[in-house]
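entry38.csv (CSV, C-alpha atoms and all ligand atoms)
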```csv
chain,number,residue,atom,x,y,z
A,1,MET,CA,0.0,0.0,0.0
A,2,PRO,CA,1.4,3.4,-0.9
A,3,ASN,CA,2.7,5.4,2.1
A,4,ARG,CA,0.9,8.6,1.7
A,5,LYS,CA,1.8,11.6,3.7
A,6,LEU,CA,-0.8,12.2,6.5
A,7,PHE,CA,-2.0,15.7,7.2
A,8,ARG,CA,-4.9,15.1,9.6
A,9,PRO,CA,-3.4,14.0,12.9
A,10,THR,CA,-6.1,11.4,13.6
A,11,LYS,CA,-4.7,7.9,13.3
A,12,ALA,CA,-4.8,4.4,14.7
A,13,MET,CA,-1.4,3.2,15.9
A,14,ILE,CA,-1.1,-0.5,15.6
A,15,ASN,CA,1.7,-2.1,17.5
A,16,LEU,CA,2.6,-5.3,15.6
A,17,ASP,CA,5.0,-6.3,18.4
A,18,ALA,CA,1.9,-6.6,20.7
A,19,ILE,CA,0.4,-9.0,18.2
A,20,ARG,CA,3.6,-11.0,17.9
A,21,ASP,CA,3.9,-11.1,21.7
A,22,ASN,CA,0.3,-12.3,22.1
A,23,VAL,CA,1.0,-15.1,19.6
A,24,LYS,CA,4.3,-16.1,21.3
A,25,ALA,CA,2.6,-16.2,24.7
A,26,LEU,CA,-0.3,-18.2,23.2
A,27,ASN,CA,2.2,-20.7,21.6
A,28,ASP,CA,3.9,-21.3,25.0
A,29,TYR,CA,0.5,-21.8,26.6
A,30,LEU,CA,-0.7,-24.2,24.0
A,31,GLY,CA,2.4,-26.4,23.6
A,32,ASN,CA,3.6,-28.2,20.4
A,33,GLU,CA,0.5,-30.2,19.7
A,34,THR,CA,-1.9,-27.4,18.9
A,35,SER,CA,-1.3,-24.9,16.1
A,36,ILE,CA,-2.6,-21.3,16.0
A,37,ILE,CA,-5.0,-20.2,13.3
A,38,ALA,CA,-4.9,-16.4,13.3
A,39,VAL,CA,-8.4,-15.0,12.6
A,40,VAL,CA,-8.0,-11.8,10.5
A,41,LYS,CA,-11.5,-11.4,9.2
A,42,ALA,CA,-13.1,-7.9,8.9
A,43,ASP,CA,-9.7,-6.3,8.1
A,44,GLY,CA,-8.0,-7.9,11.1
A,45,TYR,CA,-10.8,-6.7,13.4
A,46,GLY,CA,-10.0,-3.2,12.1
A,47,HIS,CA,-6.3,-3.6,12.7
A,48,GLY,CA,-5.4,-4.3,9.1
A,49,ASP,CA,-5.7,-7.9,7.7
A,50,VAL,CA,-2.4,-8.3,5.8
A,51,GLU,CA,-0.2,-6.6,8.4
A,52,THR,CA,-1.7,-8.5,11.3
A,53,ALA,CA,-1.6,-11.8,9.4
A,54,GLN,CA,2.1,-11.3,8.6
A,55,ALA,CA,2.9,-10.4,12.3
A,56,ALA,CA,1.0,-13.4,13.5
A,57,ILE,CA,2.7,-15.8,11.1
A,58,GLU,CA,6.2,-14.4,12.0
A,59,ALA,CA,5.4,-15.1,15.6
A,60,GLY,CA,4.4,-18.7,14.9
A,61,ALA,CA,0.8,-18.8,13.7
A,62,LYS,CA,0.5,-21.7,11.2
A,63,MET,CA,-2.6,-20.7,9.3
A,64,VAL,CA,-5.0,-17.7,8.9
A,65,SER,CA,-8.7,-17.6,8.6
A,66,VAL,CA,-11.3,-15.1,7.4
A,67,ALA,CA,-15.1,-15.0,7.0
A,68,THR,CA,-15.6,-14.4,3.3
A,69,PRO,CA,-14.1,-15.5,0.0
A,70,GLU,CA,-13.1,-11.9,-0.9
A,71,GLU,CA,-11.1,-11.6,2.3
A,72,ALA,CA,-9.1,-14.7,1.5
A,73,VAL,CA,-8.4,-13.6,-2.1
A,74,ARG,CA,-7.2,-10.2,-0.7
A,75,LEU,CA,-4.7,-11.9,1.6
A,76,ARG,CA,-3.3,-14.0,-1.3
A,77,GLU,CA,-3.1,-10.9,-3.5
A,78,PHE,CA,-1.0,-9.2,-0.8
A,79,GLY,CA,1.4,-12.2,-0.6
A,80,ILE,CA,0.2,-14.2,2.4
A,81,SER,CA,1.3,-17.7,1.4
A,82,GLU,CA,0.2,-19.8,4.4
A,83,ASP,CA,-3.0,-21.8,4.4
A,84,ILE,CA,-6.1,-19.7,4.5
A,85,LEU,CA,-9.5,-20.9,5.6
A,86,VAL,CA,-12.7,-19.2,4.7
A,87,MET,CA,-14.8,-20.1,7.8
A,88,GLY,CA,-18.2,-18.9,6.6
A,89,PRO,CA,-20.2,-20.2,3.6
A,90,SER,CA,-18.6,-20.0,0.2
A,91,PRO,CA,-20.8,-20.1,-2.9
A,92,ALA,CA,-20.1,-23.0,-5.2
A,93,ASP,CA,-18.8,-20.7,-7.9
A,94,PHE,CA,-15.9,-19.7,-5.6
A,95,ALA,CA,-14.5,-23.3,-5.8
A,96,GLU,CA,-12.4,-22.7,-8.9
A,97,THR,CA,-10.8,-19.6,-7.5
A,98,ALA,CA,-10.2,-21.3,-4.2
A,99,MET,CA,-8.4,-24.2,-5.9
A,100,ASP,CA,-6.3,-21.8,-8.0
A,101,LEU,CA,-5.3,-19.7,-5.0
A,102,ASN,CA,-5.0,-22.7,-2.6
A,103,ILE,CA,-7.7,-21.3,-0.4
A,104,THR,CA,-9.4,-23.8,1.9
A,105,VAL,CA,-13.2,-23.5,2.2
A,106,ALA,CA,-15.8,-24.6,4.8
A,107,VAL,CA,-18.4,-27.1,3.6
A,108,SER,CA,-21.7,-28.0,5.3
A,109,GLY,CA,-23.3,-30.5,2.9
A,110,ALA,CA,-22.6,-33.0,0.2
A,111,GLU,CA,-24.8,-31.1,-2.3
A,112,TRP,CA,-22.2,-28.3,-2.4
A,113,LEU,CA,-19.4,-30.7,-3.2
A,114,GLU,CA,-21.5,-32.5,-5.8
A,115,GLU,CA,-22.3,-29.2,-7.5
A,116,VAL,CA,-18.7,-28.2,-7.5
A,117,CYS,CA,-17.3,-31.5,-8.8
A,118,LEU,CA,-20.0,-32.0,-11.5
A,119,THR,CA,-19.3,-28.6,-13.1
A,120,LYS,CA,-15.6,-28.5,-12.8
A,121,LYS,CA,-12.6,-30.8,-13.1
A,122,PHE,CA,-9.7,-29.5,-11.0
A,123,ASP,CA,-6.0,-30.2,-11.8
A,124,ARG,CA,-5.4,-30.4,-8.1
A,125,PRO,CA,-7.8,-31.1,-5.3
A,126,LEU,CA,-9.8,-28.5,-3.5
A,127,LYS,CA,-9.1,-28.3,0.3
A,128,VAL,CA,-12.1,-28.3,2.5
A,129,HIS,CA,-12.8,-28.2,6.3
A,130,VAL,CA,-16.1,-29.7,7.2
A,131,LYS,CA,-18.1,-27.4,9.5
A,132,ILE,CA,-20.2,-29.0,12.2
A,133,ASP,CA,-23.0,-27.1,13.9
A,134,SER,CA,-22.7,-28.5,17.4
A,135,GLY,CA,-25.1,-25.9,18.9
A,136,MET,CA,-24.3,-22.4,17.5
A,137,GLY,CA,-27.2,-22.7,15.1
A,138,ARG,CA,-25.5,-20.7,12.4
A,139,TYR,CA,-23.7,-22.8,9.8
A,140,GLY,CA,-22.7,-26.4,9.5
A,141,VAL,CA,-23.7,-30.0,9.4
A,142,ARG,CA,-26.3,-30.8,12.0
A,143,ASP,CA,-27.0,-34.5,11.6
A,144,VAL,CA,-25.1,-37.7,11.2
A,145,LYS,CA,-26.7,-38.6,7.9
A,146,SER,CA,-25.5,-35.4,6.2
A,147,LEU,CA,-22.0,-35.9,7.6
A,148,ALA,CA,-22.0,-39.5,6.3
A,149,GLU,CA,-22.9,-38.2,2.8
A,150,ILE,CA,-19.9,-35.8,2.9
A,151,ILE,CA,-17.6,-38.6,4.1
A,152,ASN,CA,-18.8,-41.0,1.4
A,153,PHE,CA,-18.5,-38.4,-1.3
A,154,THR,CA,-14.9,-37.3,-0.3
A,155,LYS,CA,-13.5,-40.7,0.7
A,156,ASP,CA,-12.3,-41.7,-2.7
A,157,SER,CA,-12.4,-38.3,-4.4
A,158,THR,CA,-9.4,-37.0,-6.3
A,159,GLN,CA,-11.1,-33.6,-6.5
A,160,VAL,CA,-11.6,-32.8,-2.8
A,161,ILE,CA,-9.4,-33.3,0.3
A,162,VAL,CA,-10.9,-33.1,3.7
A,163,ASP,CA,-8.1,-31.3,5.4
A,164,GLY,CA,-10.0,-30.4,8.6
A,165,VAL,CA,-13.2,-30.5,10.6
A,166,PHE,CA,-14.4,-27.8,12.9
A,167,THR,CA,-17.1,-26.3,15.0
A,168,HIS,CA,-17.8,-23.0,16.8
A,169,TYR,CA,-19.0,-22.3,20.4
A,170,SER,CA,-21.8,-20.0,21.3
A,171,CYS,CA,-21.1,-19.3,24.9
A,172,ALA,CA,-17.5,-19.9,25.6
A,173,ASP,CA,-16.9,-16.4,27.0
A,174,MET,CA,-19.6,-16.7,29.6
A,175,GLU,CA,-19.5,-17.7,33.2
A,176,GLN,CA,-21.1,-21.1,34.2
A,177,CYS,CA,-22.1,-22.3,30.8
A,178,GLU,CA,-22.5,-26.0,30.2
A,179,THR,CA,-23.2,-25.3,26.5
A,180,THR,CA,-19.4,-25.4,25.7
A,181,ASP,CA,-19.0,-28.9,27.3
A,182,GLU,CA,-22.1,-30.1,25.5
A,183,GLN,CA,-21.0,-28.7,22.2
A,184,TYR,CA,-17.5,-30.2,22.6
A,185,ALA,CA,-19.0,-33.7,23.3
A,186,LYS,CA,-21.4,-33.4,20.4
A,187,PHE,CA,-18.6,-32.3,18.1
A,188,MET,CA,-16.3,-35.2,19.1
A,189,GLU,CA,-19.2,-37.6,18.3
A,190,PHE,CA,-19.2,-36.3,14.8
A,191,VAL,CA,-15.4,-36.4,14.5
A,192,GLU,CA,-15.5,-40.1,15.4
A,193,LEU,CA,-17.5,-40.8,12.3
A,194,PHE,CA,-14.6,-40.0,9.9
A,195,THR,CA,-13.0,-43.1,8.6
A,196,GLU,CA,-9.8,-41.2,8.2
A,197,LYS,CA,-9.2,-38.4,10.8
A,198,PRO,CA,-8.8,-35.1,9.0
A,199,ARG,CA,-5.4,-33.4,9.6
A,200,LEU,CA,-6.9,-30.5,11.7
A,201,VAL,CA,-9.7,-30.9,14.2
A,202,HIS,CA,-10.5,-27.5,15.7
A,203,ALA,CA,-13.2,-25.9,17.8
A,204,SER,CA,-11.9,-23.1,20.0
A,205,ASN,CA,-12.2,-19.4,19.5
A,206,SER,CA,-10.3,-17.0,21.8
A,207,ALA,CA,-12.6,-17.5,24.8
A,208,ALA,CA,-12.5,-21.3,24.6
A,209,THR,CA,-8.8,-21.3,24.0
A,210,LEU,CA,-8.2,-19.2,27.1
A,211,LEU,CA,-10.8,-20.9,29.4
A,212,TYR,CA,-10.9,-24.5,28.2
A,213,PRO,CA,-7.3,-25.7,27.7
A,214,ASN,CA,-8.5,-29.3,27.6
A,215,TYR,CA,-10.4,-28.7,24.4
A,216,LYS,CA,-7.6,-27.3,22.4
A,217,LEU,CA,-7.4,-30.2,19.9
A,218,ASP,CA,-5.1,-29.8,16.8
A,219,ALA,CA,-5.6,-26.1,16.3
A,220,ILE,CA,-7.4,-23.1,17.8
A,221,ARG,CA,-8.8,-20.1,16.0
A,222,PHE,CA,-7.6,-17.0,17.8
A,223,GLY,CA,-9.3,-13.7,16.8
A,224,ILE,CA,-10.0,-11.0,19.3
A,225,GLY,CA,-7.2,-12.1,21.7
A,226,LEU,CA,-4.7,-11.7,18.9
A,227,TYR,CA,-5.3,-8.0,19.1
A,228,GLY,CA,-4.9,-8.0,22.9
A,229,ILE,CA,-8.6,-7.7,23.7
A,230,ALA,CA,-10.4,-10.2,26.0
A,231,PRO,CA,-13.6,-11.6,24.5
A,232,SER,CA,-15.5,-10.6,27.6
A,233,GLU,CA,-15.1,-9.1,31.1
A,234,TYR,CA,-15.4,-12.7,32.5
A,235,VAL,CA,-12.5,-14.0,30.3
A,236,GLN,CA,-10.5,-10.9,31.2
A,237,GLN,CA,-10.6,-11.9,34.8
A,238,LYS,CA,-9.5,-15.4,34.0
A,239,LEU,CA,-6.8,-14.8,31.5
A,240,PRO,CA,-4.1,-17.5,31.8
A,241,PHE,CA,-1.5,-15.0,30.5
A,242,PRO,CA,-1.7,-11.2,29.9
A,243,LEU,CA,-2.8,-9.9,26.5
A,244,LYS,CA,-1.2,-6.8,25.0
A,245,ARG,CA,-3.4,-4.3,23.3
A,246,ALA,CA,-2.3,-3.5,19.8
A,247,LEU,CA,-4.4,-0.5,18.9
A,248,SER,CA,-4.4,3.0,20.1
A,249,LEU,CA,-6.4,5.9,18.6
A,250,GLU,CA,-5.0,9.4,18.8
A,251,THR,CA,-5.4,12.8,17.4
A,252,LYS,CA,-4.3,16.4,18.2
A,253,LEU,CA,-6.2,19.5,19.3
A,254,ALA,CA,-7.1,21.3,16.0
A,255,HIS,CA,-8.6,24.4,17.5
A,256,VAL,CA,-8.9,25.9,21.0
A,257,LYS,CA,-11.1,28.7,22.2
A,258,ARG,CA,-12.4,30.5,25.2
A,259,LEU,CA,-16.1,30.1,25.3
A,260,GLU,CA,-17.9,32.7,27.4
A,261,LYS,CA,-20.7,31.6,29.8
A,262,GLY,CA,-24.0,30.8,28.1
A,263,TRP,CA,-22.7,29.9,24.7
A,264,SER,CA,-23.6,26.6,23.2
A,265,VAL,CA,-21.6,23.9,21.4
A,266,SER,CA,-22.4,21.7,18.4
A,267,TYR,CA,-25.6,20.7,16.6
A,268,GLY,CA,-28.8,21.0,18.5
A,269,ALA,CA,-27.1,23.3,21.0
A,270,THR,CA,-27.4,20.5,23.6
A,271,TYR,CA,-24.4,21.7,25.6
A,272,GLN,CA,-24.2,25.2,27.1
A,273,SER,CA,-21.2,26.6,29.0
A,274,LEU,CA,-22.1,27.3,32.6
A,275,GLU,CA,-19.1,29.5,33.1
A,276,ASP,CA,-16.3,30.7,30.9
A,277,GLU,CA,-14.7,27.6,29.6
A,278,TRP,CA,-11.8,26.3,27.3
A,279,ILE,CA,-13.2,24.2,24.5
A,280,GLY,CA,-11.0,22.2,22.2
A,281,THR,CA,-12.0,20.8,18.8
A,282,LEU,CA,-10.8,17.4,17.7
A,283,PRO,CA,-10.6,16.4,14.0
A,284,ILE,CA,-12.5,13.1,14.4
A,285,GLY,CA,-16.2,12.3,14.2
A,286,TYR,CA,-18.8,9.7,13.6
A,287,ALA,CA,-17.6,9.1,10.0
A,288,ASP,CA,-14.4,7.8,11.7
A,289,GLY,CA,-16.3,5.5,14.0
A,290,LEU,CA,-16.5,7.9,16.9
A,291,ARG,CA,-20.2,7.1,17.2
A,292,ARG,CA,-22.7,9.8,18.2
A,293,GLY,CA,-23.7,7.6,21.2
A,294,LEU,CA,-20.2,8.4,22.6
A,295,HIS,CA,-21.1,12.0,23.6
A,296,GLY,CA,-20.0,12.4,27.2
A,297,GLN,CA,-17.2,9.8,26.7
A,298,GLU,CA,-13.8,11.0,28.0
A,299,VAL,CA,-10.6,11.3,26.1
A,300,LEU,CA,-7.0,11.7,27.4
A,301,ILE,CA,-5.1,15.0,27.2
A,302,GLY,CA,-2.0,15.6,29.2
A,303,GLY,CA,-2.6,12.4,31.1
A,304,LYS,CA,-6.0,13.5,32.3
A,305,ARG,CA,-9.6,12.5,31.4
A,306,VAL,CA,-11.5,15.2,29.6
A,307,PRO,CA,-15.1,14.9,28.4
A,308,ILE,CA,-16.5,15.2,24.9
A,309,VAL,CA,-19.2,17.9,25.1
A,310,GLY,CA,-22.1,18.5,22.7
A,311,THR,CA,-23.1,16.2,19.9
A,312,ILE,CA,-20.4,14.4,17.9
A,313,CYS,CA,-20.4,15.7,14.3
A,314,MET,CA,-19.5,13.7,11.3
A,315,ASP,CA,-15.9,14.9,11.2
A,316,GLN,CA,-15.2,16.8,14.4
A,317,CYS,CA,-16.1,16.9,18.1
A,318,MET,CA,-15.5,19.2,21.0
A,319,VAL,CA,-14.0,18.6,24.4
A,320,LYS,CA,-14.1,20.7,27.6
A,321,LEU,CA,-10.5,21.4,28.5
A,322,PRO,CA,-9.5,22.0,32.2
A,323,GLU,CA,-7.4,25.0,31.1
A,324,GLU,CA,-6.0,26.7,28.0
A,325,MET,CA,-4.0,24.2,25.9
A,326,PRO,CA,-2.1,24.7,22.7
A,327,VAL,CA,-3.3,23.6,19.3
A,328,GLY,CA,-1.4,20.5,18.4
A,329,GLU,CA,-1.6,19.0,21.9
A,330,LYS,CA,-1.8,15.2,21.7
A,331,VAL,CA,-5.2,13.6,22.4
A,332,VAL,CA,-5.6,9.8,23.1
A,333,LEU,CA,-9.1,8.5,22.4
A,334,LEU,CA,-8.2,4.8,22.9
A,335,GLY,CA,-5.1,3.7,24.7
A,336,LYS,CA,-2.8,4.9,27.5
A,337,GLN,CA,-1.5,8.3,28.4
A,338,GLU,CA,0.6,8.6,31.6
A,339,ASN,CA,-1.3,6.7,34.2
A,340,GLU,CA,-4.7,6.8,32.5
A,341,GLU,CA,-6.1,4.4,30.0
A,342,ILE,CA,-9.3,4.3,27.9
A,343,ASN,CA,-10.1,1.0,26.2
A,344,MET,CA,-12.6,-0.4,23.8
A,345,GLU,CA,-14.6,-2.0,26.6
A,346,GLU,CA,-15.3,1.5,28.0
A,347,TRP,CA,-16.7,2.7,24.7
A,348,ALA,CA,-18.6,-0.6,24.3
A,349,GLU,CA,-20.3,-0.2,27.7
A,350,ARG,CA,-21.4,3.3,26.8
A,351,LEU,CA,-22.8,2.1,23.5
A,352,GLY,CA,-24.4,-1.1,24.8
A,353,THR,CA,-22.2,-3.3,22.7
A,354,ILE,CA,-19.0,-5.5,22.8
A,355,PRO,CA,-15.4,-4.5,22.1
A,356,TYR,CA,-15.5,-6.6,18.9
A,357,GLU,CA,-18.0,-4.1,17.4
A,358,ILE,CA,-15.9,-1.1,18.5
A,359,ALA,CA,-12.8,-2.5,16.8
A,360,VAL,CA,-14.5,-3.2,13.5
A,361,SER,CA,-16.3,0.1,13.5
A,362,LEU,CA,-13.2,2.3,13.3
A,363,SER,CA,-13.7,3.4,9.7
A,364,LYS,CA,-11.4,3.3,6.7
A,365,ARG,CA,-10.9,7.1,7.0
A,366,ILE,CA,-8.7,6.6,10.0
A,367,PRO,CA,-5.2,5.7,8.7
A,368,ARG,CA,-3.6,2.7,10.4
A,369,VAL,CA,0.0,3.4,11.2
A,370,TYR,CA,2.2,0.4,12.0
A,371,ILE,CA,4.7,0.5,14.8
A,372,SER,CA,6.9,-1.8,16.8
A,373,ASN,CA,7.6,-1.6,20.5
A,374,PRO,CA,9.1,1.8,21.2
B,401,LIG,C1,-14.8,-14.9,14.3
B,401,LIG,C2,-14.6,-16.4,14.5
B,401,LIG,C3,-13.6,-16.9,15.3
B,401,LIG,C4,-12.7,-16.0,16.2
B,401,LIG,O1,-13.5,-15.6,17.4
B,401,LIG,P1,-12.8,-14.7,18.5
B,401,LIG,O2,-13.8,-14.7,19.6
B,401,LIG,O3,-12.5,-13.4,17.9
B,401,LIG,O4,-11.5,-15.4,18.9
B,401,LIG,C5,-13.4,-18.2,15.4
B,401,LIG,N1,-14.2,-19.0,14.6
B,401,LIG,C6,-15.2,-18.6,13.8
B,401,LIG,C7,-16.0,-19.6,13.1
B,401,LIG,C8,-15.4,-17.2,13.8
B,401,LIG,O5,-16.4,-16.8,13.0
```
How does this structure look as structure tokens?
Amino acid sequence: MPNRKLFRPTKAMINLDAIRDNVKALNDYLGNETSIIAVVKADGYGHGDVETAQAAIEAGAKMVSVATPEEAVRLREFGISEDILVMGPSPADFAETAMDLNITVAVSGAEWLEEVCLTKKFDRPLKVHVKIDSGMGRYGVRDVKSLAEIINFTKDSTQVIVDGVFTHYSCADMEQCETTDEQYAKFMEFVELFTEKPRLVHASNSAATLLYPNYKLDAIRFGIGLYGIAPSEYVQQKLPFPLKRALSLETKLAHVKRLEKGWSVSYGATYQSLEDEWIGTLPIGYADGLRRGLHGQEVLIGGKRVPIVGTICMDQCMVKLPEEMPVGEKVVLLGKQENEEINMEEWAERLGTIPYEIAVSLSKRIPRVYISNP
């Protein structure tokens, strides 16, 4: 990607060493028998898909996975050469591209394979991972008969290789949830049906990896944890090793003014100064992913928490400064400054959502700047 000069000071700093350290710590925790599949869907949870995939691979991840065919093709175009799994459904007409680019696809029925193999003859086999729906209710084989059809179809096929079988948990990040144990047991019953065990049997996402070490199997799919974010508050409390956050979001004061008592700030004039105040303007708004629901959220300036006042505009927002400050003063919206820290969980709570959604909502307009440990 071309390195364009940045003028607006708003940027997301991505520390790739944090990602590498998370993968190394995870590798030590998992041991040699279990390999890491780095989940870089949705542009690496907003951190950049190619860059985070590369960092994860350098640190020991053996494979990467994404949600859609397009995401997989993009990784190949940018030179990722490890195995790539598309975890979600792929239409049958993706099979030829998948074979050409050595992309592994998830399958959930023999009809898909029949359709693909009837219409095409491949020079080399297409790699698939069979997806089992053990209770998530989203995508995958749900009954023994359907799995038997897949096994029968692929057993002597020269066109298709079953390289893996996997499932996905619905409640692994929650306290006291028997669902995970039930799903694991159900999944293993399905796995037993294979006449030849596929190379990679995998089930765990970040939460299950961190909380259920006994269920690690041949590989785990590590998404949110890669970026140093815990899947939930509960998992955060139970982490077997610390995770390092990779992303911080920063900008600089673009304008500072003295606002006399009784003047208002921003659309709708919802905020009025109760006294003479110092108001700073930040060059970031809801088009960047600073959602309007974040009004009242604090940012860090000079190591102190400072509130956003008035409604958040598309491209700008205002903060109430404790004192006069210079234009160009650094502002941290997500991350650490001196002894204070604001993380995605804090935004998520204010917005009634989860940190995953915050990470993927930071828009394209925010440039991602890649750094290593200072
Ligand atoms: C997104 C996803 C993951 C990764 O989940 P995290 O909670 O981010 O670790 C793993 N498996 C599947 C099927 C997914 O869709």
I'd like a table as a Markdown table: residues in chain A with an atom no more than 8 Å from ligand LIG 401 (chain B), each row giving the shortest atom pair and its distance in Å to one decimal, only C-alpha atoms and all ligand atoms counted, sorted by chain and rising residue number.
```
| residue | atom | partner | partner_atom | distance |
| --- | --- | --- | --- | --- |
| A:Val39 | CA | B:LIG401 | C4 | 5.7 |
| A:Lys41 | CA | B:LIG401 | C1 | 7.0 |
| A:Val66 | CA | B:LIG401 | C1 | 7.7 |
| A:Ala67 | CA | B:LIG401 | O5 | 6.4 |
| A:Met87 | CA | B:LIG401 | C7 | 5.5 |
| A:Gly88 | CA | B:LIG401 | C7 | 6.9 |
| A:Thr167 | CA | B:LIG401 | C7 | 7.1 |
| A:His168 | CA | B:LIG401 | C7 | 5.3 |
| A:Ala203 | CA | B:LIG401 | N1 | 7.7 |
| A:Ser204 | CA | B:LIG401 | C5 | 6.9 |
| A:Asn205 | CA | B:LIG401 | O4 | 4.1 |
| A:Ser206 | CA | B:LIG401 | O4 | 3.5 |
| A:Ala207 | CA | B:LIG401 | O2 | 6.0 |
| A:Arg221 | CA | B:LIG401 | C5 | 5.0 |
| A:Phe222 | CA | B:LIG401 | O4 | 4.4 |
| A:Gly223 | CA | B:LIG401 | O3 | 3.4 |
| A:Ile224 | CA | B:LIG401 | O3 | 3.7 |
| A:Gly225 | CA | B:LIG401 | O4 | 6.1 |
| A:Leu226 | CA | B:LIG401 | O4 | 7.7 |
| A:Pro231 | CA | B:LIG401 | O2 | 5.8 |
| A:Tyr356 | CA | B:LIG401 | O3 | 7.5 |
```
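The nearest approach to Glu324 of chain A among the residues A:Arg138, A:Lys304, A:Val256, A:Leu247, with only C-alpha atoms taken into account, belongs to A:Val256.
Picture a line from atom CA of Ile284 of chain A to atom CA of Gly44 of chain A; it runs 21.7 Å.
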One residue among A:Lys336, A:Lys238, A:His129, A:Arg258 is nearest to Gly280 of chain A when using all atoms listed in the file, and that residue is A:Arg258
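Excluding segment 54-57 of chain A itself and any same-chain residue fewer than 5 positions from it, the protein and nucleic acid residues within 8 Å of it, counting all atoms listed in the file, are Leu16, Asp17, Ile19, Arg20, Val23, Ala38, Lys62, Met63 and Ile80 of chain A.
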The selected residues should be written to file as a PDB file, in the frame of the given file (atoms: C-alpha atoms).
```
ATOM      1  CA  LEU A  16       2.600  -5.300  15.600  1.00  0.00           C
ATOM      2  CA  ASP A  17       5.000  -6.300  18.400  1.00  0.00           C
ATOM      3  CA  ILE A  19       0.400  -9.000  18.200  1.00  0.00           C
ATOM      4  CA  ARG A  20       3.600 -11.000  17.900  1.00  0.00           C
ATOM      5  CA  VAL A  23       1.000 -15.100  19.600  1.00  0.00           C
ATOM      6  CA  ALA A  38      -4.900 -16.400  13.300  1.00  0.00           C
ATOM      7  CA  LYS A  62       0.500 -21.700  11.200  1.00  0.00           C
ATOM      8  CA  MET A  63      -2.600 -20.700   9.300  1.00  0.00           C
ATOM      9  CA  ILE A  80       0.200 -14.200   2.400  1.00  0.00           C
TER      10      ILE A  80
END
```
Closest of A:Met13, A:Ile150, A:Pro242, A:Val141 to Lys186 of chain A, counting all atoms listed in the file, is A:Val141
Quiz prompt | Distance query Ala246 of chain A at most 6 Å, only C-alpha atoms, self and fewer than 4 positions along chain excluded, as a PyMOL selection string | solution = chain A and resi 14-15+18+227
Residue with the minimum atom-to-atom distance to Tyr370 of chain A, picked from A:Ile354, A:Leu30, A:Leu239, A:Val50 with only C-alpha atoms counted, is A:Val50
field: Residue neighbourhood Leu362 of chain A, 10 Å, all atoms listed in the file, exclusion window fewer than 4 positions, as a ChimeraX atom specification
entry: /A:12,45-47,249,286-291,357-358,366-367
For Asn343 of chain A, find every residue with an atom within 12 Å (counting only C-alpha atoms), except residues of its own chain fewer than 2 positions away, and show them as a PDB file with C-alpha atoms, keeping the file's coordinate frame.
```
ATOM      1  CA  GLY A 228      -4.900  -8.000  22.900  1.00  0.00           C
ATOM      2  CA  ILE A 229      -8.600  -7.700  23.700  1.00  0.00           C
ATOM      3  CA  ALA A 230     -10.400 -10.200  26.000  1.00  0.00           C
ATOM      4  CA  LYS A 244      -1.200  -6.800  25.000  1.00  0.00           C
ATOM      5  CA  ARG A 245      -3.400  -4.300  23.300  1.00  0.00           C
ATOM      6  CA  ALA A 246      -2.300  -3.500  19.800  1.00  0.00           C
ATOM      7  CA  LEU A 247      -4.400  -0.500  18.900  1.00  0.00           C
ATOM      8  CA  SER A 248      -4.400   3.000  20.100  1.00  0.00           C
ATOM      9  CA  LEU A 249      -6.400   5.900  18.600  1.00  0.00           C
ATOM     10  CA  GLN A 297     -17.200   9.800  26.700  1.00  0.00           C
ATOM     11  CA  GLU A 298     -13.800  11.000  28.000  1.00  0.00           C
ATOM     12  CA  VAL A 299     -10.600  11.300  26.100  1.00  0.00           C
ATOM     13  CA  LEU A 300      -7.000  11.700  27.400  1.00  0.00           C
ATOM     14  CA  VAL A 332      -5.600   9.800  23.100  1.00  0.00           C
ATOM     15  CA  LEU A 333      -9.100   8.500  22.400  1.00  0.00           C
ATOM     16  CA  LEU A 334      -8.200   4.800  22.900  1.00  0.00           C
ATOM     17  CA  GLY A 335      -5.100   3.700  24.700  1.00  0.00           C
ATOM     18  CA  LYS A 336      -2.800   4.900  27.500  1.00  0.00           C
ATOM     19  CA  GLN A 337      -1.500   8.300  28.400  1.00  0.00           C
ATOM     20  CA  GLU A 340      -4.700   6.800  32.500  1.00  0.00           C
ATOM     21  CA  GLU A 341      -6.100   4.400  30.000  1.00  0.00           C
ATOM     22  CA  GLU A 345     -14.600  -2.000  26.600  1.00  0.00           C
ATOM     23  CA  GLU A 346     -15.300   1.500  28.000  1.00  0.00           C
ATOM     24  CA  TRP A 347     -16.700   2.700  24.700  1.00  0.00           C
ATOM     25  CA  ALA A 348     -18.600  -0.600  24.300  1.00  0.00           C
ATOM     26  CA  GLU A 349     -20.300  -0.200  27.700  1.00  0.00           C
ATOM     27  CA  ARG A 350     -21.400   3.300  26.800  1.00  0.00           C
ATOM     28  CA  ILE A 354     -19.000  -5.500  22.800  1.00  0.00           C
ATOM     29  CA  PRO A 355     -15.400  -4.500  22.100  1.00  0.00           C
ATOM     30  CA  TYR A 356     -15.500  -6.600  18.900  1.00  0.00           C
ATOM     31  CA  ILE A 358     -15.900  -1.100  18.500  1.00  0.00           C
ATOM     32  CA  ALA A 359     -12.800  -2.500  16.800  1.00  0.00           C
TER      33      ALA A 359
END
```
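Between atom CA of Ile132 of chain A and atom CA of Ala110 of chain A the interatomic distance comes to 12.9 Å.
Considering the residues A:Glu233, A:Glu114, A:Glu260, A:Asp156 and counting only C-alpha atoms, Thr195 of chain A has its shortest atom-to-atom contact with A:Asp156.
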